[in-house]
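Asks: If it helps, the file is called input_22.cif and holds mmCIF, C-alpha atoms, pLDDT in the B column; chains and numbers go by the auth columns:
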```cif
data_final
loop_
_atom_site.group_PDB
_atom_site.id
_atom_site.type_symbol
_atom_site.label_atom_id
_atom_site.label_comp_id
_atom_site.label_asym_id
_atom_site.label_seq_id
_atom_site.Cartn_x
_atom_site.Cartn_y
_atom_site.Cartn_z
_atom_site.B_iso_or_equiv
_atom_site.auth_seq_id
_atom_site.auth_asym_id
ATOM 1 C CA MET A 1 1.320 30.150 -39.099 73.00 12 J
ATOM 2 C CA ARG A 2 3.173 29.724 -35.797 75.00 13 J
ATOM 3 C CA ALA A 3 -0.110 29.496 -33.898 66.00 14 J
ATOM 4 C CA LEU A 4 -1.338 26.814 -36.288 65.00 15 J
ATOM 5 C CA ARG A 5 1.807 24.731 -35.763 65.00 16 J
ATOM 6 C CA LEU A 6 1.537 25.116 -32.004 59.00 17 J
ATOM 7 C CA THR A 7 -2.119 24.060 -32.098 64.00 18 J
ATOM 8 C CA ALA A 8 -1.269 21.017 -34.217 55.00 19 J
ATOM 9 C CA ALA A 9 1.574 20.041 -31.869 55.00 20 J
ATOM 10 C CA VAL A 10 -0.688 20.335 -28.826 53.00 21 J
ATOM 11 C CA ALA A 11 -3.352 18.223 -30.545 53.00 22 J
ATOM 12 C CA VAL A 12 -0.831 15.501 -31.415 54.00 23 J
ATOM 13 C CA LEU A 13 0.521 15.446 -27.855 50.00 24 J
ATOM 14 C CA ALA A 14 -3.009 15.274 -26.446 47.00 25 J
ATOM 15 C CA LEU A 15 -3.857 12.318 -28.699 49.00 26 J
ATOM 16 C CA LEU A 16 -0.610 10.588 -27.744 47.00 27 J
ATOM 17 C CA GLY A 17 -1.421 11.122 -24.078 46.00 28 J
ATOM 18 C CA LEU A 18 -4.876 9.622 -24.571 44.00 29 J
ATOM 19 C CA LEU A 19 -3.380 6.616 -26.344 49.00 30 J
ATOM 20 C CA VAL A 20 -0.893 5.990 -23.528 48.00 31 J
ATOM 21 C CA TRP A 21 -3.624 6.392 -20.916 44.00 32 J
ATOM 22 C CA ASP A 22 -5.925 4.016 -22.813 52.00 33 J
ATOM 23 C CA VAL A 23 -3.243 1.329 -23.116 48.00 34 J
ATOM 24 C CA ALA A 24 -2.353 1.588 -19.414 46.00 35 J
ATOM 25 C CA HIS A 25 -5.957 1.720 -18.198 45.00 36 J
ATOM 26 C CA SER A 26 -7.865 -0.450 -20.648 49.00 37 J
ATOM 27 C CA SER A 27 -9.731 -3.451 -19.292 46.00 38 J
ATOM 28 C CA GLY A 28 -6.897 -5.688 -20.474 59.00 39 J
ATOM 29 C CA GLY A 29 -4.327 -3.649 -18.531 78.00 40 J
ATOM 30 C CA LYS A 30 -5.629 -4.368 -15.045 92.00 41 J
ATOM 31 C CA VAL A 31 -3.214 -7.206 -14.287 96.00 42 J
ATOM 32 C CA ALA A 32 -0.644 -5.057 -12.475 96.00 43 J
ATOM 33 C CA ARG A 33 -3.301 -3.156 -10.550 96.00 44 J
ATOM 34 C CA ASP A 34 -5.127 -6.320 -9.474 96.00 45 J
ATOM 35 C CA VAL A 35 -1.936 -8.171 -8.515 96.00 46 J
ATOM 36 C CA ASP A 36 -0.809 -5.123 -6.521 95.00 47 J
ATOM 37 C CA LYS A 37 -4.074 -5.505 -4.552 95.00 48 J
ATOM 38 C CA GLY A 38 -3.058 -9.086 -3.708 95.00 49 J
ATOM 39 C CA GLU A 39 -5.292 -10.769 -6.277 96.00 50 J
ATOM 40 C CA ILE A 40 -4.370 -13.735 -8.466 96.00 51 J
ATOM 41 C CA VAL A 41 -5.427 -13.171 -12.085 97.00 52 J
ATOM 42 C CA LYS A 42 -5.228 -15.007 -15.404 97.00 53 J
ATOM 43 C CA ALA A 43 -2.133 -14.048 -17.400 97.00 54 J
ATOM 44 C CA PRO A 44 -2.866 -12.443 -20.772 97.00 55 J
ATOM 45 C CA ALA A 45 -2.044 -14.801 -23.631 96.00 56 J
ATOM 46 C CA PHE A 46 0.647 -13.933 -26.135 97.00 57 J
ATOM 47 C CA ASN A 47 2.606 -15.438 -28.990 97.00 58 J
ATOM 48 C CA LEU A 48 5.583 -13.172 -29.714 97.00 59 J
ATOM 49 C CA PRO A 49 8.710 -13.362 -31.866 97.00 60 J
ATOM 50 C CA LEU A 50 11.902 -14.487 -30.166 97.00 61 J
ATOM 51 C CA VAL A 51 14.605 -11.809 -29.987 97.00 62 J
ATOM 52 C CA ALA A 52 17.786 -13.877 -30.369 94.00 63 J
ATOM 53 C CA THR A 53 16.568 -16.439 -32.908 94.00 64 J
ATOM 54 C CA ASP A 54 13.824 -17.027 -35.435 95.00 65 J
ATOM 55 C CA GLY A 55 10.469 -18.307 -34.318 97.00 66 J
ATOM 56 C CA LYS A 56 7.845 -17.381 -31.782 98.00 67 J
ATOM 57 C CA LEU A 57 7.095 -18.302 -28.204 98.00 68 J
ATOM 58 C CA SER A 58 3.660 -18.422 -26.637 98.00 69 J
ATOM 59 C CA LEU A 59 2.960 -18.120 -22.956 97.00 70 J
ATOM 60 C CA ALA A 60 0.652 -21.127 -23.319 97.00 71 J
ATOM 61 C CA SER A 61 3.672 -23.277 -24.264 97.00 72 J
ATOM 62 C CA LEU A 62 5.031 -22.700 -20.749 97.00 73 J
ATOM 63 C CA ARG A 63 1.883 -23.922 -18.968 96.00 74 J
ATOM 64 C CA GLY A 64 2.830 -26.282 -16.141 96.00 75 J
ATOM 65 C CA LYS A 65 5.941 -24.262 -15.266 97.00 76 J
ATOM 66 C CA VAL A 66 6.426 -21.259 -13.038 98.00 77 J
ATOM 67 C CA VAL A 67 7.393 -18.263 -15.189 98.00 78 J
ATOM 68 C CA VAL A 68 9.296 -15.186 -14.071 98.00 79 J
ATOM 69 C CA LEU A 69 8.256 -12.579 -16.633 98.00 80 J
ATOM 70 C CA ASN A 70 10.573 -9.573 -16.832 98.00 81 J
ATOM 71 C CA PHE A 71 9.777 -6.562 -19.031 98.00 82 J
ATOM 72 C CA TRP A 72 12.983 -4.795 -20.083 97.00 83 J
ATOM 73 C CA ALA A 73 14.576 -2.510 -22.671 96.00 84 J
ATOM 74 C CA SER A 74 18.183 -2.228 -23.803 96.00 85 J
ATOM 75 C CA ASP A 75 18.416 1.462 -22.896 96.00 86 J
ATOM 76 C CA CYS A 76 17.001 0.937 -19.391 96.00 87 J
ATOM 77 C CA VAL A 77 19.683 1.533 -16.744 97.00 88 J
ATOM 78 C CA PRO A 78 17.840 -0.331 -13.938 97.00 89 J
ATOM 79 C CA CYS A 79 17.384 -3.275 -16.334 97.00 90 J
ATOM 80 C CA LYS A 80 21.139 -3.427 -16.790 97.00 91 J
ATOM 81 C CA GLN A 81 21.650 -3.205 -13.021 97.00 92 J
ATOM 82 C CA GLU A 82 19.398 -6.170 -12.259 97.00 93 J
ATOM 83 C CA GLN A 83 20.393 -8.411 -15.190 98.00 94 J
ATOM 84 C CA GLY A 84 23.283 -10.168 -13.441 97.00 95 J
ATOM 85 C CA GLU A 85 21.067 -11.172 -10.512 98.00 96 J
ATOM 86 C CA LEU A 86 18.304 -12.345 -12.843 98.00 97 J
ATOM 87 C CA ASN A 87 20.858 -14.502 -14.697 98.00 98 J
ATOM 88 C CA ARG A 88 22.007 -16.074 -11.400 98.00 99 J
ATOM 89 C CA LEU A 89 18.445 -16.654 -10.209 98.00 100 J
ATOM 90 C CA ALA A 90 17.474 -18.246 -13.530 98.00 101 J
ATOM 91 C CA ALA A 91 20.321 -20.744 -13.112 98.00 102 J
ATOM 92 C CA LYS A 92 19.485 -21.356 -9.450 98.00 103 J
ATOM 93 C CA TYR A 93 15.790 -22.105 -10.045 98.00 104 J
ATOM 94 C CA ALA A 94 16.025 -23.985 -13.361 97.00 105 J
ATOM 95 C CA SER A 95 16.159 -27.327 -11.541 96.00 106 J
ATOM 96 C CA LYS A 96 12.803 -26.500 -9.877 95.00 107 J
ATOM 97 C CA GLY A 97 11.162 -26.039 -13.272 94.00 108 J
ATOM 98 C CA VAL A 98 11.133 -22.249 -13.094 98.00 109 J
ATOM 99 C CA VAL A 99 11.461 -20.502 -16.447 98.00 110 J
ATOM 100 C CA PHE A 100 12.642 -16.926 -16.805 98.00 111 J
ATOM 101 C CA LEU A 101 11.320 -15.055 -19.830 98.00 112 J
ATOM 102 C CA GLY A 102 12.204 -11.547 -20.910 98.00 113 J
ATOM 103 C CA ILE A 103 9.848 -9.289 -22.809 98.00 114 J
ATOM 104 C CA ASP A 104 11.721 -6.607 -24.711 97.00 115 J
ATOM 105 C CA GLU A 105 9.615 -3.519 -25.172 92.00 116 J
ATOM 106 C CA ILE A 106 9.273 -1.467 -28.348 86.00 117 J
ATOM 107 C CA GLU A 107 12.753 -1.223 -29.813 88.00 118 J
ATOM 108 C CA VAL A 108 14.971 -2.191 -32.710 90.00 119 J
ATOM 109 C CA ARG A 109 15.736 -5.928 -32.658 91.00 120 J
ATOM 110 C CA SER A 110 19.499 -5.447 -33.101 94.00 121 J
ATOM 111 C CA PHE A 111 19.672 -3.321 -29.921 96.00 122 J
ATOM 112 C CA ALA A 112 17.877 -6.064 -27.995 96.00 123 J
ATOM 113 C CA GLN A 113 20.140 -8.760 -29.451 97.00 124 J
ATOM 114 C CA HIS A 114 23.223 -6.773 -28.469 97.00 125 J
ATOM 115 C CA TYR A 115 21.882 -6.395 -24.913 97.00 126 J
ATOM 116 C CA LEU A 116 21.235 -10.153 -24.598 97.00 127 J
ATOM 117 C CA ALA A 117 24.745 -10.978 -25.839 97.00 128 J
ATOM 118 C CA HIS A 118 26.487 -8.308 -23.761 98.00 129 J
ATOM 119 C CA TYR A 119 24.791 -9.349 -20.503 98.00 130 J
ATOM 120 C CA LYS A 120 24.979 -13.071 -21.371 98.00 131 J
ATOM 121 C CA VAL A 121 21.271 -13.551 -20.718 98.00 132 J
ATOM 122 C CA PRO A 122 20.786 -17.340 -20.425 97.00 133 J
ATOM 123 C CA TYR A 123 17.025 -17.368 -20.963 98.00 134 J
ATOM 124 C CA LYS A 124 14.737 -16.503 -23.858 98.00 135 J
ATOM 125 C CA SER A 125 13.347 -13.071 -24.596 98.00 136 J
ATOM 126 C CA VAL A 126 10.498 -12.140 -26.885 98.00 137 J
ATOM 127 C CA ALA A 127 9.827 -8.835 -28.621 97.00 138 J
ATOM 128 C CA ASP A 128 6.728 -6.809 -27.756 96.00 139 J
ATOM 129 C CA GLY A 129 7.207 -4.579 -30.786 91.00 140 J
ATOM 130 C CA ASN A 130 4.121 -2.420 -30.385 91.00 141 J
ATOM 131 C CA GLY A 131 3.769 -2.623 -26.598 93.00 142 J
ATOM 132 C CA ALA A 132 0.434 -4.448 -26.750 94.00 143 J
ATOM 133 C CA ILE A 133 1.426 -7.107 -24.209 96.00 144 J
ATOM 134 C CA ALA A 134 2.933 -4.516 -21.873 96.00 145 J
ATOM 135 C CA GLY A 135 -0.399 -2.718 -22.113 95.00 146 J
ATOM 136 C CA LYS A 136 -2.342 -5.883 -21.288 96.00 147 J
ATOM 137 C CA PHE A 137 -0.204 -6.425 -18.203 97.00 148 J
ATOM 138 C CA GLY A 138 -0.468 -2.745 -17.215 96.00 149 J
ATOM 139 C CA VAL A 139 3.275 -2.139 -17.423 96.00 150 J
ATOM 140 C CA THR A 140 4.147 1.508 -16.869 93.00 151 J
ATOM 141 C CA GLY A 141 7.923 1.313 -17.324 93.00 152 J
ATOM 142 C CA THR A 142 10.933 -0.951 -17.316 96.00 153 J
ATOM 143 C CA PRO A 143 11.957 -3.044 -15.587 97.00 154 J
ATOM 144 C CA GLU A 144 8.828 -4.709 -14.255 97.00 155 J
ATOM 145 C CA THR A 145 8.593 -8.313 -13.138 98.00 156 J
ATOM 146 C CA PHE A 146 5.585 -10.618 -12.808 98.00 157 J
ATOM 147 C CA PHE A 147 5.274 -14.199 -11.523 98.00 158 J
ATOM 148 C CA ILE A 148 3.060 -16.736 -13.265 98.00 159 J
ATOM 149 C CA ASP A 149 2.116 -20.000 -11.579 98.00 160 J
ATOM 150 C CA LYS A 150 1.832 -23.428 -13.212 97.00 161 J
ATOM 151 C CA LEU A 151 -1.835 -22.784 -14.036 97.00 162 J
ATOM 152 C CA GLY A 152 -1.084 -19.617 -16.026 97.00 163 J
ATOM 153 C CA ARG A 153 -2.133 -17.159 -13.328 98.00 164 J
ATOM 154 C CA VAL A 154 -0.234 -14.035 -12.283 98.00 165 J
ATOM 155 C CA VAL A 155 0.426 -14.101 -8.545 98.00 166 J
ATOM 156 C CA PRO A 156 1.724 -11.338 -6.259 97.00 167 J
ATOM 157 C CA PRO A 157 4.130 -9.694 -5.976 96.00 168 J
ATOM 158 C CA HIS A 158 4.495 -7.442 -9.005 96.00 169 J
ATOM 159 C CA ILE A 159 7.918 -5.801 -8.895 97.00 170 J
ATOM 160 C CA ILE A 160 8.307 -2.295 -10.274 95.00 171 J
ATOM 161 C CA ALA A 161 11.854 -1.008 -10.875 92.00 172 J
ATOM 162 C CA THR A 162 15.036 -2.939 -10.070 94.00 173 J
ATOM 163 C CA ALA A 163 14.168 -6.325 -8.614 92.00 174 J
ATOM 164 C CA LYS A 164 15.866 -7.255 -5.368 94.00 175 J
ATOM 165 C CA VAL A 165 16.925 -10.901 -5.054 96.00 176 J
ATOM 166 C CA SER A 166 14.753 -11.437 -1.976 97.00 177 J
ATOM 167 C CA ALA A 167 11.674 -10.093 -3.773 96.00 178 J
ATOM 168 C CA VAL A 168 12.246 -12.309 -6.823 97.00 179 J
ATOM 169 C CA GLU A 169 12.785 -15.369 -4.630 98.00 180 J
ATOM 170 C CA ALA A 170 9.604 -14.568 -2.678 97.00 181 J
ATOM 171 C CA GLY A 171 7.675 -14.269 -5.942 97.00 182 J
ATOM 172 C CA ILE A 172 9.046 -17.563 -7.221 98.00 183 J
ATOM 173 C CA GLU A 173 8.187 -19.360 -3.982 97.00 184 J
ATOM 174 C CA ARG A 174 4.676 -17.893 -4.017 96.00 185 J
ATOM 175 C CA ALA A 175 4.175 -19.054 -7.624 97.00 186 J
ATOM 176 C CA LEU A 176 5.562 -22.515 -6.828 97.00 187 J
ATOM 177 C CA SER A 177 3.144 -22.920 -3.933 94.00 188 J
ATOM 178 C CA ALA A 178 0.075 -21.473 -5.713 85.00 189 J
#
```
Represent the supplied structure as structure tokens.
Replies:
Amino acid sequence: MRALRLTAAVAVLALLGLLVWDVAHSSGGKVARDVDKGEIVKAPAFNLPLVATDGKLSLASLRGKVVVLNFWASDCVPCKQEQGELNRLAAKYASKGVVFLGIDEIEVRSFAQHYLAHYKVPYKSVADGNGAIAGKFGVTGTPETFFIDKLGRVVPPHIIATAKVSAVEAGIERALSA
């Protein structure tokens, strides 16, 4: 009986591993890899529920603006460490038409709402409840930050881990000039 349970557990873990690999390496998940090579690629479309209020927000509704797209989670320590700087940068660049947008990954909505209130996040966040959008972007963890130009294209750099102010500003300037 013990051997049967062990075999079943190994099979489940193997299938889970394949699922994670498929999401990260599917044809839709090449954005991060391509941007890391210096390429400019079309941003995957999405229409996701807002975290703090009712309704949805589509990436298409932000066309014509530069978007700083930050994937985060409420239990992510580096996310908490960078949030203050992201708040300041969002205020600094708002007058240039730059929009910051958070994408909360796979968690209970109340945890995400508490995070947004606690850190006084001044910009909108949407919920990627099943991780599909993270998979399309090729996100491998949180935080990760992408820059989308006015034409809806993801431009380098792609920031993995805690974003430094200089790197975010460089990404914004690159997106503004694209």
Asks: For the provided coordinates, the residues matched by the PyMOL selection byres ((chain J and resi 62) around 9) should be stated as a PDB file with C-alpha atoms, keeping the file's coordinate frame.
Replies:
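File written: part-v6.pdb
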```pdb
ATOM      1  CA  PRO J  60       8.710 -13.362 -31.866  1.00 97.00           C
ATOM      2  CA  LEU J  61      11.902 -14.487 -30.166  1.00 97.00           C
ATOM      3  CA  ALA J  63      17.786 -13.877 -30.369  1.00 94.00           C
ATOM      4  CA  THR J  64      16.568 -16.439 -32.908  1.00 94.00           C
ATOM      5  CA  ASP J  65      13.824 -17.027 -35.435  1.00 95.00           C
ATOM      6  CA  GLY J  66      10.469 -18.307 -34.318  1.00 97.00           C
ATOM      7  CA  LYS J  67       7.845 -17.381 -31.782  1.00 98.00           C
ATOM      8  CA  ILE J 114       9.848  -9.289 -22.809  1.00 98.00           C
ATOM      9  CA  ASP J 115      11.721  -6.607 -24.711  1.00 97.00           C
ATOM     10  CA  ARG J 120      15.736  -5.928 -32.658  1.00 91.00           C
ATOM     11  CA  SER J 121      19.499  -5.447 -33.101  1.00 94.00           C
ATOM     12  CA  ALA J 123      17.877  -6.064 -27.995  1.00 96.00           C
ATOM     13  CA  GLN J 124      20.140  -8.760 -29.451  1.00 97.00           C
ATOM     14  CA  LEU J 127      21.235 -10.153 -24.598  1.00 97.00           C
ATOM     15  CA  LYS J 135      14.737 -16.503 -23.858  1.00 98.00           C
ATOM     16  CA  SER J 136      13.347 -13.071 -24.596  1.00 98.00           C
ATOM     17  CA  VAL J 137      10.498 -12.140 -26.885  1.00 98.00           C
ATOM     18  CA  ALA J 138       9.827  -8.835 -28.621  1.00 97.00           C
TER      19      ALA J 138
END
```
Asks: What separation in Å, quoted to one decimal, exists between CA of Pro89 in chain J and CA of Ala174 in chain J?
Replies: 8.8 Å
Asks: Using 6 Å as the limit and counting only C-alpha atoms, can you tabulate each residue of range 98-138 of chain J that touches range 69-83 of chain J, with its shortest atom-to-atom distance in Å and the two atoms involved, as a tab-separated table?
Replies:
```
residue	atom	partner	partner_atom	distance
J:Gly108	CA	J:Lys76	CA	5.9
J:Val109	CA	J:Val77	CA	4.8
J:Val110	CA	J:Val78	CA	4.8
J:Phe111	CA	J:Val79	CA	4.7
J:Leu112	CA	J:Leu80	CA	5.1
J:Gly113	CA	J:Asn81	CA	4.8
J:Ile114	CA	J:Phe82	CA	4.7
J:Asp115	CA	J:Trp83	CA	5.1
```
Asks: Applied to the shown file, which residues does the PyMOL selection byres ((chain J and resi 180) around 12) return, written as number ranges by chain?
Replies: J: 79, 96-97, 99-101, 103-104, 109, 156-158, 167-168, 170, 174-179, 181-187
Asks: Would you write out, as JSON lines, a table of all residues in range 80-164 of chain J that have an atom no more than 6 Å from an atom of range 37-51 of chain J, listing for each the closest atom pair and the distance in Å to one decimal, considering only C-alpha atoms and ordering rows by chain and rising residue number?
Replies:
```
{"residue": "J:Gly146", "atom": "CA", "partner": "J:Gly40", "partner_atom": "CA", "distance": 5.4}
{"residue": "J:Lys147", "atom": "CA", "partner": "J:Gly40", "partner_atom": "CA", "distance": 4.1}
{"residue": "J:Phe148", "atom": "CA", "partner": "J:Gly40", "partner_atom": "CA", "distance": 5.0}
{"residue": "J:Gly149", "atom": "CA", "partner": "J:Gly40", "partner_atom": "CA", "distance": 4.2}
```
Asks: Work out how far apart CA of Pro133 in chain J and CA of Ser188 in chain J are and give it in Å to one decimal.
Replies: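 Rounded to one decimal, the two atoms are 24.8 Å apart.
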Asks: Report, in Å with one decimal, the straight-line distance from CA of Val132 in chain J to CA of Gln92 in chain J.
Replies: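 CA of Gln92 in chain J lies 12.9 Å from CA of Val132 in chain J.
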Asks: Restricting the calculation to all atoms listed in the file: of J:Met12, J:Asn98, J:Ala172, J:Leu68, which residue gets closest to Lys131 in chain J?
Replies: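 For Lys131 in chain J, the nearest of the given residues is J:Asn98.
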Asks: Which of these residues is nearest to Lys107 in chain J, using only C-alpha atoms: J:Lys161, J:Lys91, J:Lys53, J:His169?
Replies: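 Residue with the minimum atom-to-atom distance to Lys107 in chain J: J:Lys161.
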Asks: Using the incomplete input, complete range 145-174 of chain J to the level of N, CA and C atoms; output as a PDB file, in the coordinates of the input.
Replies:
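The file below, selection-v5.pdb, is the result:
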```pdb
ATOM      1  N   ALA J 145       2.659  -5.385 -23.030  1.00 96.00           N
ATOM      2  CA  ALA J 145       2.933  -4.516 -21.873  1.00 96.00           C
ATOM      3  C   ALA J 145       1.651  -3.809 -21.446  1.00 96.00           C
ATOM      4  N   GLY J 146       0.869  -3.366 -22.427  1.00 95.00           N
ATOM      5  CA  GLY J 146      -0.399  -2.718 -22.113  1.00 95.00           C
ATOM      6  C   GLY J 146      -1.375  -3.659 -21.438  1.00 95.00           C
ATOM      7  N   LYS J 147      -1.433  -4.907 -21.904  1.00 96.00           N
ATOM      8  CA  LYS J 147      -2.342  -5.883 -21.288  1.00 96.00           C
ATOM      9  C   LYS J 147      -1.953  -6.191 -19.850  1.00 96.00           C
ATOM     10  N   PHE J 148      -0.658  -6.182 -19.572  1.00 97.00           N
ATOM     11  CA  PHE J 148      -0.204  -6.425 -18.203  1.00 97.00           C
ATOM     12  C   PHE J 148      -0.298  -5.162 -17.341  1.00 97.00           C
ATOM     13  N   GLY J 149      -0.423  -4.002 -17.968  1.00 96.00           N
ATOM     14  CA  GLY J 149      -0.468  -2.745 -17.215  1.00 96.00           C
ATOM     15  C   GLY J 149       0.912  -2.228 -16.864  1.00 96.00           C
ATOM     16  N   VAL J 150       1.900  -2.585 -17.661  1.00 96.00           N
ATOM     17  CA  VAL J 150       3.275  -2.139 -17.423  1.00 96.00           C
ATOM     18  C   VAL J 150       3.363  -0.634 -17.664  1.00 96.00           C
ATOM     19  N   THR J 151       4.005   0.053 -16.749  1.00 93.00           N
ATOM     20  CA  THR J 151       4.147   1.508 -16.869  1.00 93.00           C
ATOM     21  C   THR J 151       5.588   1.933 -17.122  1.00 93.00           C
ATOM     22  N   GLY J 152       6.517   1.003 -17.082  1.00 93.00           N
ATOM     23  CA  GLY J 152       7.923   1.313 -17.324  1.00 93.00           C
ATOM     24  C   GLY J 152       8.748   0.050 -17.225  1.00 93.00           C
ATOM     25  N   THR J 153      10.046   0.204 -17.447  1.00 96.00           N
ATOM     26  CA  THR J 153      10.933  -0.951 -17.316  1.00 96.00           C
ATOM     27  C   THR J 153      11.974  -0.656 -16.261  1.00 96.00           C
ATOM     28  N   PRO J 154      12.437  -1.671 -15.559  1.00 97.00           N
ATOM     29  CA  PRO J 154      11.957  -3.044 -15.587  1.00 97.00           C
ATOM     30  C   PRO J 154      10.709  -3.231 -14.727  1.00 97.00           C
ATOM     31  N   GLU J 155       9.943  -4.239 -15.076  1.00 97.00           N
ATOM     32  CA  GLU J 155       8.828  -4.709 -14.255  1.00 97.00           C
ATOM     33  C   GLU J 155       8.823  -6.223 -14.343  1.00 97.00           C
ATOM     34  N   THR J 156       8.534  -6.855 -13.214  1.00 98.00           N
ATOM     35  CA  THR J 156       8.593  -8.313 -13.138  1.00 98.00           C
ATOM     36  C   THR J 156       7.286  -8.863 -12.576  1.00 98.00           C
ATOM     37  N   PHE J 157       6.801  -9.917 -13.226  1.00 98.00           N
ATOM     38  CA  PHE J 157       5.585 -10.618 -12.808  1.00 98.00           C
ATOM     39  C   PHE J 157       5.917 -12.091 -12.600  1.00 98.00           C
ATOM     40  N   PHE J 158       5.095 -12.779 -11.822  1.00 98.00           N
ATOM     41  CA  PHE J 158       5.274 -14.199 -11.523  1.00 98.00           C
ATOM     42  C   PHE J 158       4.009 -14.942 -11.934  1.00 98.00           C
ATOM     43  N   ILE J 159       4.189 -15.970 -12.740  1.00 98.00           N
ATOM     44  CA  ILE J 159       3.060 -16.736 -13.265  1.00 98.00           C
ATOM     45  C   ILE J 159       3.171 -18.162 -12.740  1.00 98.00           C
ATOM     46  N   ASP J 160       2.090 -18.648 -12.143  1.00 98.00           N
ATOM     47  CA  ASP J 160       2.116 -20.000 -11.579  1.00 98.00           C
ATOM     48  C   ASP J 160       1.915 -21.054 -12.663  1.00 98.00           C
ATOM     49  N   LYS J 161       1.917 -22.313 -12.262  1.00 97.00           N
ATOM     50  CA  LYS J 161       1.832 -23.428 -13.212  1.00 97.00           C
ATOM     51  C   LYS J 161       0.499 -23.484 -13.945  1.00 97.00           C
ATOM     52  N   LEU J 162      -0.511 -22.801 -13.415  1.00 97.00           N
ATOM     53  CA  LEU J 162      -1.835 -22.784 -14.036  1.00 97.00           C
ATOM     54  C   LEU J 162      -2.027 -21.583 -14.966  1.00 97.00           C
ATOM     55  N   GLY J 163      -0.983 -20.771 -15.135  1.00 97.00           N
ATOM     56  CA  GLY J 163      -1.084 -19.617 -16.026  1.00 97.00           C
ATOM     57  C   GLY J 163      -1.689 -18.382 -15.380  1.00 97.00           C
ATOM     58  N   ARG J 164      -1.585 -18.308 -14.052  1.00 98.00           N
ATOM     59  CA  ARG J 164      -2.133 -17.159 -13.328  1.00 98.00           C
ATOM     60  C   ARG J 164      -1.005 -16.291 -12.796  1.00 98.00           C
ATOM     61  N   VAL J 165      -1.211 -14.982 -12.832  1.00 98.00           N
ATOM     62  CA  VAL J 165      -0.234 -14.035 -12.283  1.00 98.00           C
ATOM     63  C   VAL J 165      -0.504 -13.915 -10.789  1.00 98.00           C
ATOM     64  N   VAL J 166       0.545 -14.157 -10.004  1.00 98.00           N
ATOM     65  CA  VAL J 166       0.426 -14.101  -8.545  1.00 98.00           C
ATOM     66  C   VAL J 166       1.287 -12.949  -8.018  1.00 98.00           C
ATOM     67  N   PRO J 167       0.888 -12.379  -6.867  1.00 97.00           N
ATOM     68  CA  PRO J 167       1.724 -11.338  -6.259  1.00 97.00           C
ATOM     69  C   PRO J 167       3.059 -11.928  -5.830  1.00 97.00           C
ATOM     70  N   PRO J 168       4.099 -11.142  -5.781  1.00 96.00           N
ATOM     71  CA  PRO J 168       4.130  -9.694  -5.976  1.00 96.00           C
ATOM     72  C   PRO J 168       4.358  -9.320  -7.436  1.00 96.00           C
ATOM     73  N   HIS J 169       4.154  -8.070  -7.721  1.00 96.00           N
ATOM     74  CA  HIS J 169       4.495  -7.442  -9.005  1.00 96.00           C
ATOM     75  C   HIS J 169       5.602  -6.454  -8.640  1.00 96.00           C
ATOM     76  N   ILE J 170       6.758  -6.629  -9.255  1.00 97.00           N
ATOM     77  CA  ILE J 170       7.918  -5.801  -8.895  1.00 97.00           C
ATOM     78  C   ILE J 170       8.095  -4.692  -9.924  1.00 97.00           C
ATOM     79  N   ILE J 171       8.068  -3.472  -9.437  1.00 95.00           N
ATOM     80  CA  ILE J 171       8.307  -2.295 -10.274  1.00 95.00           C
ATOM     81  C   ILE J 171       9.719  -1.808  -9.967  1.00 95.00           C
ATOM     82  N   ALA J 172      10.467  -1.486 -10.991  1.00 92.00           N
ATOM     83  CA  ALA J 172      11.854  -1.008 -10.875  1.00 92.00           C
ATOM     84  C   ALA J 172      12.786  -2.198 -10.640  1.00 92.00           C
ATOM     85  N   THR J 173      14.018  -1.905 -10.233  1.00 94.00           N
ATOM     86  CA  THR J 173      15.036  -2.939 -10.070  1.00 94.00           C
ATOM     87  C   THR J 173      14.587  -3.981  -9.054  1.00 94.00           C
ATOM     88  N   ALA J 174      14.616  -5.233  -9.477  1.00 92.00           N
ATOM     89  CA  ALA J 174      14.168  -6.325  -8.614  1.00 92.00           C
ATOM     90  C   ALA J 174      15.276  -6.733  -7.650  1.00 92.00           C
TER      91      ALA J 174
END
```
